[in-house]
>>> print(open('entry25.cif').read())   # mmCIF, C-alpha atoms and all ligand atoms
data_my_file
#
loop_
_atom_site.label_atom_id
_atom_site.label_comp_id
_atom_site.auth_asym_id
_atom_site.auth_seq_id
_atom_site.Cartn_x
_atom_site.Cartn_y
_atom_site.Cartn_z
CA MET D 54 -1.82 -21.37 -2.29
CA ASN D 55 -0.46 -18.30 -4.11
CA LYS D 56 3.21 -17.38 -3.75
CA LEU D 57 2.74 -14.27 -1.60
CA SER D 58 0.45 -16.04 0.87
CA ASN D 59 2.90 -18.93 1.08
CA CYS D 60 5.70 -16.52 1.96
CA ILE D 61 3.56 -14.62 4.49
CA ILE D 62 1.65 -17.47 6.14
CA ASN D 63 4.16 -20.32 5.91
CA ARG D 64 7.25 -18.08 6.02
CA ASP D 65 8.52 -19.98 3.00
CA THR D 66 11.99 -18.90 1.90
CA SER D 67 12.40 -21.06 -1.21
CA TYR D 68 10.88 -18.47 -3.57
CA ILE D 69 10.97 -14.65 -3.54
CA PRO D 70 7.67 -13.27 -4.87
CA ILE D 71 7.75 -9.86 -6.56
CA TRP D 72 5.34 -6.97 -7.14
CA PHE D 73 5.67 -3.17 -7.00
CA MET D 74 3.79 -0.49 -5.10
CA ARG D 75 2.24 1.82 -7.71
CA GLN D 76 2.86 -0.81 -10.38
CA ALA D 77 -0.15 0.68 -12.14
CA GLY D 78 0.46 4.38 -12.63
CA ARG D 79 1.95 7.26 -14.49
CA TYR D 80 5.23 5.58 -15.55
CA LEU D 81 3.14 3.39 -17.91
CA PRO D 82 2.16 5.07 -21.21
CA GLU D 83 -1.01 2.96 -21.38
CA PHE D 84 -2.06 4.34 -17.97
CA ARG D 85 -1.36 7.94 -19.04
CA GLU D 86 -3.49 7.37 -22.11
CA ILE D 87 -6.52 6.31 -20.03
CA ARG D 88 -5.88 9.08 -17.49
CA LYS D 89 -5.78 11.73 -20.22
CA ASN D 90 -9.36 10.91 -21.13
CA ASN D 91 -10.51 10.52 -17.52
CA GLN D 92 -9.70 13.67 -15.58
CA ASP D 93 -11.97 12.87 -12.65
CA PHE D 94 -9.82 10.49 -10.58
CA ILE D 95 -12.56 9.33 -8.17
CA LYS D 96 -14.88 8.63 -11.08
CA LEU D 97 -12.07 6.60 -12.69
CA CYS D 98 -11.69 4.55 -9.48
CA LEU D 99 -15.45 3.86 -9.66
CA SER D 100 -15.43 2.57 -13.26
CA PRO D 101 -15.11 -1.24 -13.06
CA LYS D 102 -14.11 -1.72 -16.69
CA LEU D 103 -11.30 0.87 -16.52
CA VAL D 104 -10.16 -0.24 -13.06
CA GLU D 105 -9.88 -3.80 -14.34
CA GLU D 106 -7.93 -2.64 -17.38
CA ILE D 107 -5.51 -0.46 -15.35
CA THR D 108 -5.01 -3.13 -12.67
CA LEU D 109 -4.02 -5.66 -15.34
CA GLN D 110 -1.72 -3.31 -17.31
CA PRO D 111 1.40 -4.12 -15.24
CA THR D 112 0.60 -7.86 -14.95
CA ASN D 113 0.16 -8.06 -18.74
CA ARG D 114 3.55 -6.46 -19.28
CA PHE D 115 5.65 -8.05 -16.52
CA ASP D 116 5.90 -11.46 -14.85
CA LEU D 117 4.64 -10.28 -11.44
CA ASP D 118 3.26 -12.39 -8.60
CA ALA D 119 0.46 -10.01 -7.64
CA ALA D 120 -2.11 -7.61 -9.03
CA ILE D 121 -2.94 -4.70 -6.69
CA ILE D 122 -6.35 -3.31 -7.31
CA PHE D 123 -6.28 0.16 -8.86
CA SER D 124 -7.97 2.43 -6.33
CA ASP D 125 -6.89 4.96 -3.71
CA ILE D 126 -6.68 5.22 0.08
CA LEU D 127 -8.78 8.40 -0.23
CA MET D 128 -11.81 6.37 -1.35
CA ILE D 129 -12.60 6.02 2.37
CA PRO D 130 -12.89 9.79 3.03
CA TYR D 131 -14.97 9.93 -0.17
CA GLY D 132 -17.16 7.07 1.10
CA LEU D 133 -17.63 9.00 4.36
CA GLY D 134 -19.09 11.91 2.41
CA GLN D 135 -16.06 14.19 2.04
CA GLN D 136 -15.36 15.72 -1.34
CA VAL D 137 -12.06 14.46 -2.84
CA LYS D 138 -10.41 15.92 -5.94
CA PHE D 139 -6.99 15.38 -7.45
CA GLU D 140 -5.43 18.47 -8.98
CA LYS D 141 -2.49 18.31 -11.39
CA GLY D 142 0.74 19.25 -9.61
CA LYS D 143 -1.01 19.65 -6.24
CA GLY D 144 -2.13 16.14 -5.41
CA PRO D 145 -5.32 15.49 -3.49
CA ILE D 146 -7.57 18.34 -2.32
CA LEU D 147 -10.36 17.45 0.09
CA GLY D 148 -13.50 19.41 0.94
CA LYS D 149 -14.36 20.49 4.46
CA LEU D 150 -15.18 17.48 6.63
CA ASP D 151 -18.73 17.35 8.03
CA ILE D 152 -17.83 15.34 11.10
CA ASN D 153 -21.38 14.54 12.20
CA SER D 154 -22.45 13.28 8.84
CA ALA D 155 -19.24 11.19 8.54
CA LEU D 156 -19.89 9.67 11.98
CA ASN D 157 -23.46 8.84 10.95
CA ILE D 158 -22.74 7.10 7.64
CA THR D 159 -24.07 3.55 7.90
CA ASP D 160 -22.24 0.43 6.71
CA ASP D 161 -24.87 -0.08 4.00
CA GLU D 162 -24.46 3.47 2.69
CA PHE D 163 -20.68 3.06 2.55
CA ILE D 164 -20.89 -0.34 0.83
CA LYS D 165 -23.33 1.01 -1.75
CA LYS D 166 -21.00 3.89 -2.63
CA MET D 167 -18.02 1.53 -2.91
CA SER D 168 -19.82 -1.25 -4.78
CA PRO D 169 -17.98 -0.52 -8.09
CA VAL D 170 -14.66 -1.12 -6.26
CA TYR D 171 -15.87 -4.55 -5.13
CA GLU D 172 -17.20 -5.33 -8.59
CA SER D 173 -13.75 -4.49 -10.03
CA ILE D 174 -12.07 -6.88 -7.58
CA ARG D 175 -14.45 -9.69 -8.60
CA ASN D 176 -13.63 -9.07 -12.27
CA VAL D 177 -9.87 -8.92 -11.69
CA LYS D 178 -10.00 -12.11 -9.60
CA ARG D 179 -11.63 -13.96 -12.50
CA LYS D 180 -8.87 -12.81 -14.86
CA VAL D 181 -5.70 -13.50 -12.88
CA LYS D 182 -4.69 -17.06 -12.32
CA ASN D 183 -1.81 -18.06 -10.03
CA LYS D 184 -1.35 -14.47 -8.85
CA SER D 185 -2.37 -12.84 -5.61
CA VAL D 186 -4.98 -10.11 -5.73
CA ILE D 187 -4.05 -7.39 -3.26
CA GLY D 188 -6.64 -5.10 -1.72
CA PHE D 189 -5.62 -2.14 0.42
CA VAL D 190 -6.61 0.62 2.82
CA GLY D 191 -4.98 3.67 4.35
CA ALA D 192 -4.25 3.32 8.08
CA PRO D 193 -6.44 5.38 10.45
CA TRP D 194 -3.77 8.00 11.21
CA THR D 195 -2.91 8.58 7.54
CA LEU D 196 -6.59 8.95 6.63
CA LEU D 197 -7.17 11.29 9.58
CA VAL D 198 -4.30 13.48 8.33
CA TYR D 199 -5.85 13.86 4.87
CA MET D 200 -9.37 14.35 6.25
CA LEU D 201 -8.40 17.11 8.68
CA ASN D 202 -5.52 18.70 6.74
CA GLN D 203 -7.59 18.59 3.51
CA GLN D 204 -4.47 18.21 1.39
CA SER D 205 -1.16 16.40 1.33
CA PRO D 206 0.84 17.09 4.51
CA LYS D 207 3.98 17.01 2.34
CA ARG D 208 4.47 20.79 2.35
CA ASP D 209 3.65 21.82 5.85
CA PHE D 210 2.05 19.95 8.70
CA ASN D 211 1.75 20.86 12.34
CA PHE D 212 0.48 18.13 14.65
CA ASN D 213 -1.02 20.53 17.19
CA THR D 214 -2.96 22.67 14.72
CA VAL D 215 -4.41 19.72 12.85
CA ILE D 216 -5.13 17.56 15.91
CA ASN D 217 -6.63 20.20 18.20
CA ASP D 218 -9.93 18.84 19.51
CA ASN D 219 -9.15 15.54 21.16
CA SER D 220 -12.70 14.32 21.73
CA ILE D 221 -13.59 14.76 18.06
CA VAL D 222 -10.37 13.13 16.94
CA ILE D 223 -11.03 10.07 19.11
CA LYS D 224 -14.58 9.65 17.77
CA LEU D 225 -13.44 10.12 14.20
CA LEU D 226 -10.56 7.65 14.57
CA LYS D 227 -12.96 5.03 15.91
CA LYS D 228 -15.31 5.54 12.96
CA ILE D 229 -12.41 5.36 10.50
CA GLU D 230 -11.18 2.13 12.11
CA GLU D 231 -14.62 0.54 11.78
CA ILE D 232 -14.98 1.58 8.14
CA ILE D 233 -11.47 0.32 7.34
CA CYS D 234 -12.39 -3.13 8.74
CA LEU D 235 -15.60 -3.09 6.71
CA HIS D 236 -13.75 -2.07 3.53
CA ILE D 237 -11.19 -4.85 4.12
CA ASP D 238 -13.93 -7.44 4.62
CA LYS D 239 -15.76 -6.40 1.47
CA GLN D 240 -12.53 -6.45 -0.57
CA THR D 241 -11.61 -9.94 0.63
CA GLN D 242 -15.15 -11.24 0.13
CA SER D 243 -14.87 -9.96 -3.45
CA GLY D 244 -11.63 -11.87 -4.08
CA ALA D 245 -8.67 -10.01 -2.55
CA ASP D 246 -6.26 -12.62 -1.13
CA ILE D 247 -4.05 -10.23 0.80
CA VAL D 248 -4.47 -6.73 2.23
CA GLN D 249 -1.90 -3.96 2.64
CA ILE D 250 -2.36 -1.15 5.17
CA PHE D 251 -0.60 2.06 4.11
CA ASP D 252 0.38 4.28 7.03
CA SER D 253 2.18 6.64 4.67
CA TRP D 254 2.34 9.54 7.13
CA ALA D 255 3.26 7.62 10.30
CA GLY D 256 6.62 9.41 10.08
CA LEU D 257 4.94 12.76 10.85
CA LEU D 258 3.99 11.64 14.35
CA PRO D 259 6.02 12.93 17.28
CA LYS D 260 7.63 9.92 18.99
CA ASP D 261 5.41 10.21 22.07
CA LYS D 262 2.27 9.97 19.88
CA LEU D 263 3.32 6.90 17.86
CA SER D 264 1.76 4.44 20.23
CA GLN D 265 -1.67 6.15 20.31
CA PHE D 266 -1.99 7.10 16.65
CA CYS D 267 0.04 4.49 14.79
CA PHE D 268 0.61 1.28 16.81
CA ALA D 269 -2.80 1.04 18.52
CA PRO D 270 -4.97 1.66 15.42
CA ASN D 271 -2.88 -0.70 13.25
CA GLN D 272 -3.08 -3.28 16.03
CA LYS D 273 -6.89 -3.10 16.09
CA ILE D 274 -7.02 -3.75 12.37
CA ILE D 275 -4.48 -6.57 12.56
CA LYS D 276 -6.55 -8.21 15.32
CA HIS D 277 -9.53 -8.05 12.98
CA THR D 278 -7.68 -9.48 9.96
CA LYS D 279 -6.06 -12.22 12.09
CA ASN D 280 -9.51 -13.26 13.32
CA LYS D 281 -10.64 -13.52 9.72
CA LYS D 282 -7.38 -15.16 8.59
CA ILE D 283 -6.65 -12.45 6.04
CA PRO D 284 -2.87 -12.16 5.41
CA THR D 285 -2.02 -8.49 6.01
CA ILE D 286 1.03 -6.36 5.23
CA CYS D 287 1.63 -3.19 7.27
CA PHE D 288 3.60 -0.22 5.95
CA PRO D 289 4.25 2.38 8.69
CA ARG D 290 6.41 4.57 6.48
CA GLY D 291 9.07 6.84 7.96
CA ILE D 292 9.12 5.70 11.61
CA GLY D 293 12.84 4.74 11.57
CA LYS D 294 14.00 2.70 14.54
CA SER D 295 10.41 2.48 15.80
CA TYR D 296 9.79 -0.15 13.11
CA ARG D 297 11.11 -2.63 15.66
CA ASP D 298 8.55 -1.65 18.34
CA PHE D 299 5.87 -1.66 15.64
CA CYS D 300 6.64 -5.31 14.78
CA HIS D 301 6.77 -6.37 18.40
CA SER D 302 3.54 -4.68 19.46
CA VAL D 303 1.35 -4.81 16.32
CA LYS D 304 2.59 -8.26 15.18
CA PRO D 305 1.66 -7.85 11.51
CA ASP D 306 1.75 -10.92 9.24
CA CYS D 307 4.26 -9.05 7.06
CA ILE D 308 5.97 -5.66 7.21
CA ASN D 309 6.99 -3.38 4.33
CA ILE D 310 10.19 -1.48 5.07
CA ASP D 311 10.86 1.94 3.59
CA TYR D 312 14.22 2.82 2.04
CA GLU D 313 15.54 4.48 5.18
CA VAL D 314 15.38 1.20 7.09
CA ASP D 315 18.64 -0.78 7.12
CA PRO D 316 17.67 -4.23 5.77
CA ASN D 317 20.28 -6.06 7.89
CA TRP D 318 18.97 -4.39 11.03
CA ALA D 319 15.39 -5.24 10.02
CA LYS D 320 16.28 -8.90 9.48
CA ALA D 321 17.87 -9.12 12.91
CA ASN D 322 15.20 -7.24 14.85
CA PHE D 323 11.71 -8.06 13.59
CA ASN D 324 11.18 -11.46 15.26
CA ASN D 325 11.27 -13.26 11.92
CA THR D 326 8.24 -11.28 10.67
CA PRO D 327 8.15 -11.67 6.86
CA ILE D 328 9.57 -8.53 5.23
CA GLN D 329 8.57 -6.83 1.98
CA GLY D 330 10.23 -4.04 0.03
CA GLY D 331 12.99 -1.62 0.94
CA LEU D 332 14.72 -0.70 -2.33
CA ASP D 333 14.82 3.07 -2.89
CA PRO D 334 12.59 3.90 -5.92
CA LYS D 335 15.20 6.52 -6.97
CA ILE D 336 17.68 3.67 -7.71
CA LEU D 337 15.38 2.73 -10.60
CA LEU D 338 16.33 6.01 -12.29
CA LYS D 339 20.07 5.16 -12.20
CA ASP D 340 22.29 3.13 -14.54
CA ASN D 341 21.89 -0.65 -14.78
CA ILE D 342 25.09 -1.46 -12.88
CA SER D 343 24.04 0.48 -9.78
CA LEU D 344 20.55 -0.93 -10.06
CA GLU D 345 21.72 -4.55 -10.30
CA LYS D 346 24.06 -4.08 -7.36
CA GLU D 347 21.27 -2.74 -5.14
CA VAL D 348 18.77 -5.41 -6.18
CA GLN D 349 21.34 -8.16 -5.48
CA ASN D 350 22.07 -6.59 -2.12
CA TYR D 351 18.44 -7.04 -0.98
CA LEU D 352 18.32 -10.56 -2.45
CA ASN D 353 21.52 -11.56 -0.64
CA ILE D 354 20.53 -10.11 2.70
CA PHE D 355 17.15 -11.85 2.64
CA LYS D 356 18.47 -15.12 1.22
CA ASN D 357 17.17 -17.35 4.01
CA TYR D 358 14.44 -15.06 5.27
CA PRO D 359 10.75 -14.81 4.20
CA TYR D 360 10.99 -11.87 1.81
CA ILE D 361 8.76 -10.32 -0.86
CA PHE D 362 10.61 -8.16 -3.37
CA ASN D 363 9.16 -4.63 -3.65
CA LEU D 364 10.31 -1.04 -3.19
CA GLY D 365 10.60 1.24 -0.17
CA HIS D 366 7.82 3.40 -1.65
CA GLY D 367 5.90 3.63 -4.94
CA VAL D 368 7.36 3.48 -8.47
CA LEU D 369 8.24 7.06 -9.52
CA PRO D 370 6.56 8.50 -12.65
CA ASP D 371 9.95 8.95 -14.41
CA THR D 372 10.80 5.24 -14.17
CA LYS D 373 11.24 3.44 -17.50
CA PRO D 374 8.94 0.41 -17.83
CA GLU D 375 11.98 -1.62 -19.05
CA THR D 376 13.59 -1.09 -15.66
CA ILE D 377 10.70 -2.88 -13.94
CA ASP D 378 11.09 -5.73 -16.43
CA HIS D 379 14.83 -5.85 -15.75
CA ILE D 380 14.31 -6.16 -11.97
CA VAL D 381 11.66 -8.87 -12.39
CA LYS D 382 14.10 -10.86 -14.50
CA ILE D 383 16.91 -10.53 -11.94
CA VAL D 384 14.63 -11.80 -9.17
CA ARG D 385 13.27 -14.63 -11.34
CA ARG D 386 16.79 -15.72 -12.26
CA LYS D 387 17.74 -15.83 -8.58
CA ASN D 388 14.70 -18.02 -7.87
CA GLU D 389 15.57 -20.41 -10.70
CA LYS D 390 19.17 -20.65 -9.57
CA ARG D 391 18.04 -21.50 -6.07
CA SER D 392 15.60 -24.18 -7.11
CA SER D 393 18.23 -25.84 -9.32
CA GLU D 394 20.63 -25.84 -6.36
CA GLY D 395 17.86 -27.61 -4.41
O1 LIG D 401 -2.59 10.31 -12.61
C1 LIG D 401 -2.40 10.60 -11.42
O2 LIG D 401 -1.98 11.70 -11.05
C2 LIG D 401 -2.78 9.58 -10.42
C3 LIG D 401 -1.69 9.22 -9.48
C4 LIG D 401 -2.28 8.21 -8.50
C5 LIG D 401 -2.29 6.82 -8.66
C6 LIG D 401 -1.74 6.02 -9.78
C7 LIG D 401 -2.97 8.50 -7.30
C8 LIG D 401 -3.26 9.84 -6.75
N1 LIG D 401 -3.39 7.32 -6.74
C9 LIG D 401 -3.01 6.27 -7.51
C10 LIG D 401 -3.32 4.86 -7.28
C11 LIG D 401 -2.97 4.29 -5.98
N2 LIG D 401 -2.90 4.95 -4.78
C12 LIG D 401 -2.73 2.93 -5.73
C13 LIG D 401 -2.94 1.90 -6.85
C14 LIG D 401 -2.39 0.63 -6.85
C15 LIG D 401 -0.92 0.52 -7.21
O3 LIG D 401 -0.09 0.61 -6.30
O4 LIG D 401 -0.63 0.27 -8.40
C16 LIG D 401 -2.42 2.79 -4.37
C17 LIG D 401 -2.03 1.54 -3.60
C18 LIG D 401 -2.54 4.07 -3.78
C19 LIG D 401 -2.37 4.35 -2.34
C20 LIG D 401 -2.18 5.75 -1.89
N3 LIG D 401 -2.84 6.89 -2.31
C21 LIG D 401 -1.31 6.13 -0.84
C22 LIG D 401 -0.47 5.17 -0.05
C23 LIG D 401 0.82 4.87 -0.72
C24 LIG D 401 1.79 6.03 -0.76
O5 LIG D 401 2.00 6.53 -1.88
O6 LIG D 401 2.31 6.41 0.29
C25 LIG D 401 -1.42 7.52 -0.66
C26 LIG D 401 -0.68 8.39 0.33
C27 LIG D 401 -2.39 7.98 -1.59
C28 LIG D 401 -2.86 9.38 -1.76
C29 LIG D 401 -2.54 9.84 -3.12
N4 LIG D 401 -3.28 9.48 -4.22
C30 LIG D 401 -2.73 10.02 -5.36
C31 LIG D 401 -1.57 10.73 -4.96
C32 LIG D 401 -0.68 11.49 -5.90
C33 LIG D 401 -1.45 10.58 -3.57
C34 LIG D 401 -0.30 11.07 -2.68
C35 LIG D 401 -0.41 12.52 -2.46
C36 LIG D 401 0.51 13.01 -1.38
O7 LIG D 401 1.73 13.05 -1.59
O8 LIG D 401 0.00 13.39 -0.32
#
>>> encode(input="entry25.cif", output="structure tokens", more="lines below")
Ligand code: 1CP
Amino acid sequence: MNKLSNCIINRDTSYIPIWFMRQAGRYLPEFREIRKNNQDFIKLCLSPKLVEEITLQPTNRFDLDAAIIFSDILMIPYGLGQQVKFEKGKGPILGKLDINSALNITDDEFIKKMSPVYESIRNVKRKVKNKSVIGFVGAPWTLLVYMLNQQSPKRDFNFNTVINDNSIVIKLLKKIEEIICLHIDKQTQSGADIVQIFDSWAGLLPKDKLSQFCFAPNQKIIKHTKNKKIPTICFPRGIGKSYRDFCHSVKPDCINIDYEVDPNWAKANFNNTPIQGGLDPKILLKDNISLEKEVQNYLNIFKNYPYIFNLGHGVLPDTKPETIDHIVKIVRRKNEKRSSEG
């Protein structure tokens, strides 16, 4: 069994696996080189040879325990027929959503459009030995936000203007949930060992809407993955103290904490749910002494707890690749020290 699955399924605490969200991305010069010659981001995500190459860039450089497939959560809106473009400096821009045609997309149509993604996973799986292959999806709420808001909600987002017609929203959410389960199944059938669900914009929800739009949809997906015995990591970013209720009601196999969550509080309140992540990606831009102190802090807190080392959000583009290497070595050294102590 791979190291991540052993930590998640068996709650093993003898070894801390490590990988990074956005481990493939703009902080790597070899990624920027490919990106320079491939301006169309969706097309890039649908090119099996390039996806394989980009996915393996970080695992070739660093001693990581997992390869996360290079793709994007917005492949689902694309697969449902919405136009998706990525503009420099602006992030994703989506076309107007044709709700009826999205609701009528069949499973076969979706699978056909996504087949290069599944082909990439099969290729990556053949190449990585002794590492987990991680597939992923956006959570229903986060995908709904992009599909209706048509751009990143980072600048301005108003719940009531975006979510105004309840009957449509409910139908659309149901369709998104079904397609997410399908996309998870196809990724795992192609070789993904573990799945992560990114609810990146859960923190935008008013507290009284969390249960309907974040907990319930994540719970449906977790029920599905539990049935199929697919180890699944949830990441409801930005929900603060509601992380505790999330763990108790959704019961994910593993939970990724963001950097606003106090790791000691998490350890004491999540019912022994395996925890991943937490370290603020901005710490990676600081001097080595501060960095080492913060990394050790997470390692000490989670000493006897099932923990996967990762960040509280993705690697920032200004991060030096050597910093990733440095962190991997600190975590590896800790693991070696522990095994020699028995
Ligand atoms: O060159 C570039 O500008 C591309 C930047 C980039 C990259 C490297 C985007 C555009 N997507 C990706 C890959 C990606 N996206 C991965 C690859 C695997 C890895 O981690 O190495 C993953 C897991 C994602 C997931 C993703 N896409 C999320 C969830 C995680 C998060 O960041 O919260 C989200 C919200 C997206 C949407 C998206 N795609 C790209 C950007 C810049 C964004 C965020 C835009 C925004 O702020 O709204």
>>> closest_atom_pairs(input="entry25.cif", of="chain D", to="ligand LIG 401 (chain D)", cutoff="9 Å", atoms="only C-alpha atoms and all ligand atoms", output="Markdown table")
| residue | atom | partner | partner_atom | distance |
| --- | --- | --- | --- | --- |
| D:Phe73 | CA | D:LIG401 | O3 | 6.9 |
| D:Met74 | CA | D:LIG401 | O3 | 4.2 |
| D:Arg75 | CA | D:LIG401 | O3 | 3.0 |
| D:Gln76 | CA | D:LIG401 | O4 | 4.2 |
| D:Ala77 | CA | D:LIG401 | O4 | 3.8 |
| D:Gly78 | CA | D:LIG401 | C6 | 4.0 |
| D:Arg79 | CA | D:LIG401 | O1 | 5.8 |
| D:Phe84 | CA | D:LIG401 | O1 | 8.0 |
| D:Arg85 | CA | D:LIG401 | O1 | 7.0 |
| D:Arg88 | CA | D:LIG401 | O1 | 6.0 |
| D:Lys89 | CA | D:LIG401 | O1 | 8.4 |
| D:Gln92 | CA | D:LIG401 | O1 | 8.4 |
| D:Phe94 | CA | D:LIG401 | C2 | 7.1 |
| D:Cys98 | CA | D:LIG401 | C10 | 8.7 |
| D:Ile107 | CA | D:LIG401 | O4 | 8.5 |
| D:Thr108 | CA | D:LIG401 | O4 | 7.0 |
| D:Pro111 | CA | D:LIG401 | O4 | 8.4 |
| D:Ala120 | CA | D:LIG401 | O4 | 8.0 |
| D:Ile121 | CA | D:LIG401 | C14 | 5.4 |
| D:Ile122 | CA | D:LIG401 | C14 | 5.6 |
| D:Phe123 | CA | D:LIG401 | C13 | 4.3 |
| D:Ser124 | CA | D:LIG401 | C13 | 5.1 |
| D:Asp125 | CA | D:LIG401 | N2 | 4.1 |
| D:Ile126 | CA | D:LIG401 | N3 | 4.8 |
| D:Leu127 | CA | D:LIG401 | C28 | 6.2 |
| D:Phe139 | CA | D:LIG401 | C8 | 6.7 |
| D:Glu140 | CA | D:LIG401 | O2 | 7.9 |
| D:Lys141 | CA | D:LIG401 | O2 | 6.6 |
| D:Gly142 | CA | D:LIG401 | O2 | 8.2 |
| D:Lys143 | CA | D:LIG401 | C35 | 8.1 |
| D:Gly144 | CA | D:LIG401 | C32 | 4.9 |
| D:Pro145 | CA | D:LIG401 | C35 | 5.8 |
| D:Ile187 | CA | D:LIG401 | C14 | 8.9 |
| D:Gly188 | CA | D:LIG401 | C17 | 8.3 |
| D:Phe189 | CA | D:LIG401 | C17 | 6.5 |
| D:Val190 | CA | D:LIG401 | C19 | 7.6 |
| D:Gly191 | CA | D:LIG401 | C22 | 6.5 |
| D:Thr195 | CA | D:LIG401 | C26 | 7.5 |
| D:Leu196 | CA | D:LIG401 | C26 | 8.7 |
| D:Tyr199 | CA | D:LIG401 | O8 | 7.8 |
| D:Gln204 | CA | D:LIG401 | O8 | 6.8 |
| D:Ser205 | CA | D:LIG401 | O8 | 3.6 |
| D:Pro206 | CA | D:LIG401 | O8 | 6.1 |
| D:Lys207 | CA | D:LIG401 | O8 | 6.0 |
| D:Gln249 | CA | D:LIG401 | C17 | 8.3 |
| D:Ile250 | CA | D:LIG401 | C22 | 8.4 |
| D:Phe251 | CA | D:LIG401 | C22 | 5.2 |
| D:Asp252 | CA | D:LIG401 | C22 | 7.2 |
| D:Ser253 | CA | D:LIG401 | O6 | 4.4 |
| D:Trp254 | CA | D:LIG401 | O6 | 7.5 |
| D:Phe288 | CA | D:LIG401 | O6 | 8.8 |
| D:Arg290 | CA | D:LIG401 | O6 | 7.6 |
| D:His366 | CA | D:LIG401 | O6 | 6.6 |
| D:Gly367 | CA | D:LIG401 | O5 | 5.7 |
| D:Val368 | CA | D:LIG401 | O3 | 8.3 |
| D:Pro370 | CA | D:LIG401 | C3 | 8.9 |
>>> residues_around(input="entry25.cif", residues="Arg179 (chain D)", least_positions_apart="6", cutoff="12 Å", atoms="all atoms listed in the file", output="MDAnalysis selection string")
chainID D and resid 105 109 120 172:173 185:186 243:245
>>> write_last_selection(input="entry25.cif", atoms="C-alpha atoms", output="PDB file, in the frame of the given file")
ATOM      1  CA  GLU D 105      -9.880  -3.800 -14.340  1.00  0.00           C
ATOM      2  CA  LEU D 109      -4.020  -5.660 -15.340  1.00  0.00           C
ATOM      3  CA  ALA D 120      -2.110  -7.610  -9.030  1.00  0.00           C
ATOM      4  CA  GLU D 172     -17.200  -5.330  -8.590  1.00  0.00           C
ATOM      5  CA  SER D 173     -13.750  -4.490 -10.030  1.00  0.00           C
ATOM      6  CA  SER D 185      -2.370 -12.840  -5.610  1.00  0.00           C
ATOM      7  CA  VAL D 186      -4.980 -10.110  -5.730  1.00  0.00           C
ATOM      8  CA  SER D 243     -14.870  -9.960  -3.450  1.00  0.00           C
ATOM      9  CA  GLY D 244     -11.630 -11.870  -4.080  1.00  0.00           C
ATOM     10  CA  ALA D 245      -8.670 -10.010  -2.550  1.00  0.00           C
TER      11      ALA D 245
END
>>> residues_near_point(input="entry25.cif", point="(9.8, 3.8, -0.4)", cutoff="10 Å", atoms="only C-alpha atoms", output="PyMOL selection string")
chain D and resi 74+253+288+290-291+309-314+330-335+363-369
>>> residues_near_point(input="entry25.cif", point="(-10.8, 17.6, -5.2)", cutoff="6 Å", atoms="all atoms listed in the file", output="VMD selection string")
chain D and resid 137 to 139 146 to 147
>>> atom_distance(input="entry25.cif", atom1="CA of Gln242 (chain D)", atom2="CA of Lys281 (chain D)")
10.8 Å
>>> residues_around(input="entry25.cif", residues="Ile380 (chain D)", least_positions_apart="3", cutoff="9 Å", atoms="only C-alpha atoms", output="tab-separated table (two decimals) with C-alpha atoms, in the coordinates of the input")
chain	number	residue	atom	x	y	z
D	344	LEU	CA	20.55	-0.93	-10.06
D	345	GLU	CA	21.72	-4.55	-10.30
D	348	VAL	CA	18.77	-5.41	-6.18
D	375	GLU	CA	11.98	-1.62	-19.05
D	376	THR	CA	13.59	-1.09	-15.66
D	377	ILE	CA	10.70	-2.88	-13.94
D	383	ILE	CA	16.91	-10.53	-11.94
D	384	VAL	CA	14.63	-11.80	-9.17
D	385	ARG	CA	13.27	-14.63	-11.34
>>> closest_residue(input="entry25.cif", among="D:Asn202, D:Cys267, D:Asp306, D:Glu230", to="Asn217 (chain D)", atoms="all atoms listed in the file")
D:Asn202
>>> closest_residue(input="entry25.cif", among="D:Tyr171, D:Phe115, D:Tyr360, D:Trp194", to="Ala269 (chain D)", atoms="all atoms listed in the file")
D:Trp194
>>> atom_distance(input="entry25.cif", atom1="CA of Gly134 (chain D)", atom2="CA of Ser220 (chain D)")
20.5 Å
>>> axis_aligned_box(input="entry25.cif", around="region 195-204 of chain D", padding_each_side="5 Å", output="lines of an AutoDock Vina configuration file")
center_x = -6.1
center_y = 13.6
center_z = 5.5
size_x = 16.5
size_y = 20.1
size_z = 18.2
>>> atom_distance(input="entry25.cif", atom1="CA of Lys294 (chain D)", atom2="CA of Gln329 (chain D)")
16.7 Å
>>> closest_residue(input="entry25.cif", among="D:Ile283, D:Ile232, D:Leu81, D:Ile275", to="Phe299 (chain D)", atoms="only C-alpha atoms")
D:Ile275
>>> closest_residue(input="entry25.cif", among="D:Leu338, D:Leu257, D:Ala319, D:Ile158", to="Phe210 (chain D)", atoms="only C-alpha atoms")
D:Leu257
>>> closest_residue(input="entry25.cif", among="D:Lys166, D:Phe266, D:Val181, D:Ile129", to="Ile229 (chain D)", atoms="all atoms listed in the file")
D:Ile129
>>> closest_residue(input="entry25.cif", among="D:Ile164, D:Cys287, D:Leu99, D:Leu150", to="Ile247 (chain D)", atoms="only C-alpha atoms")
D:Cys287
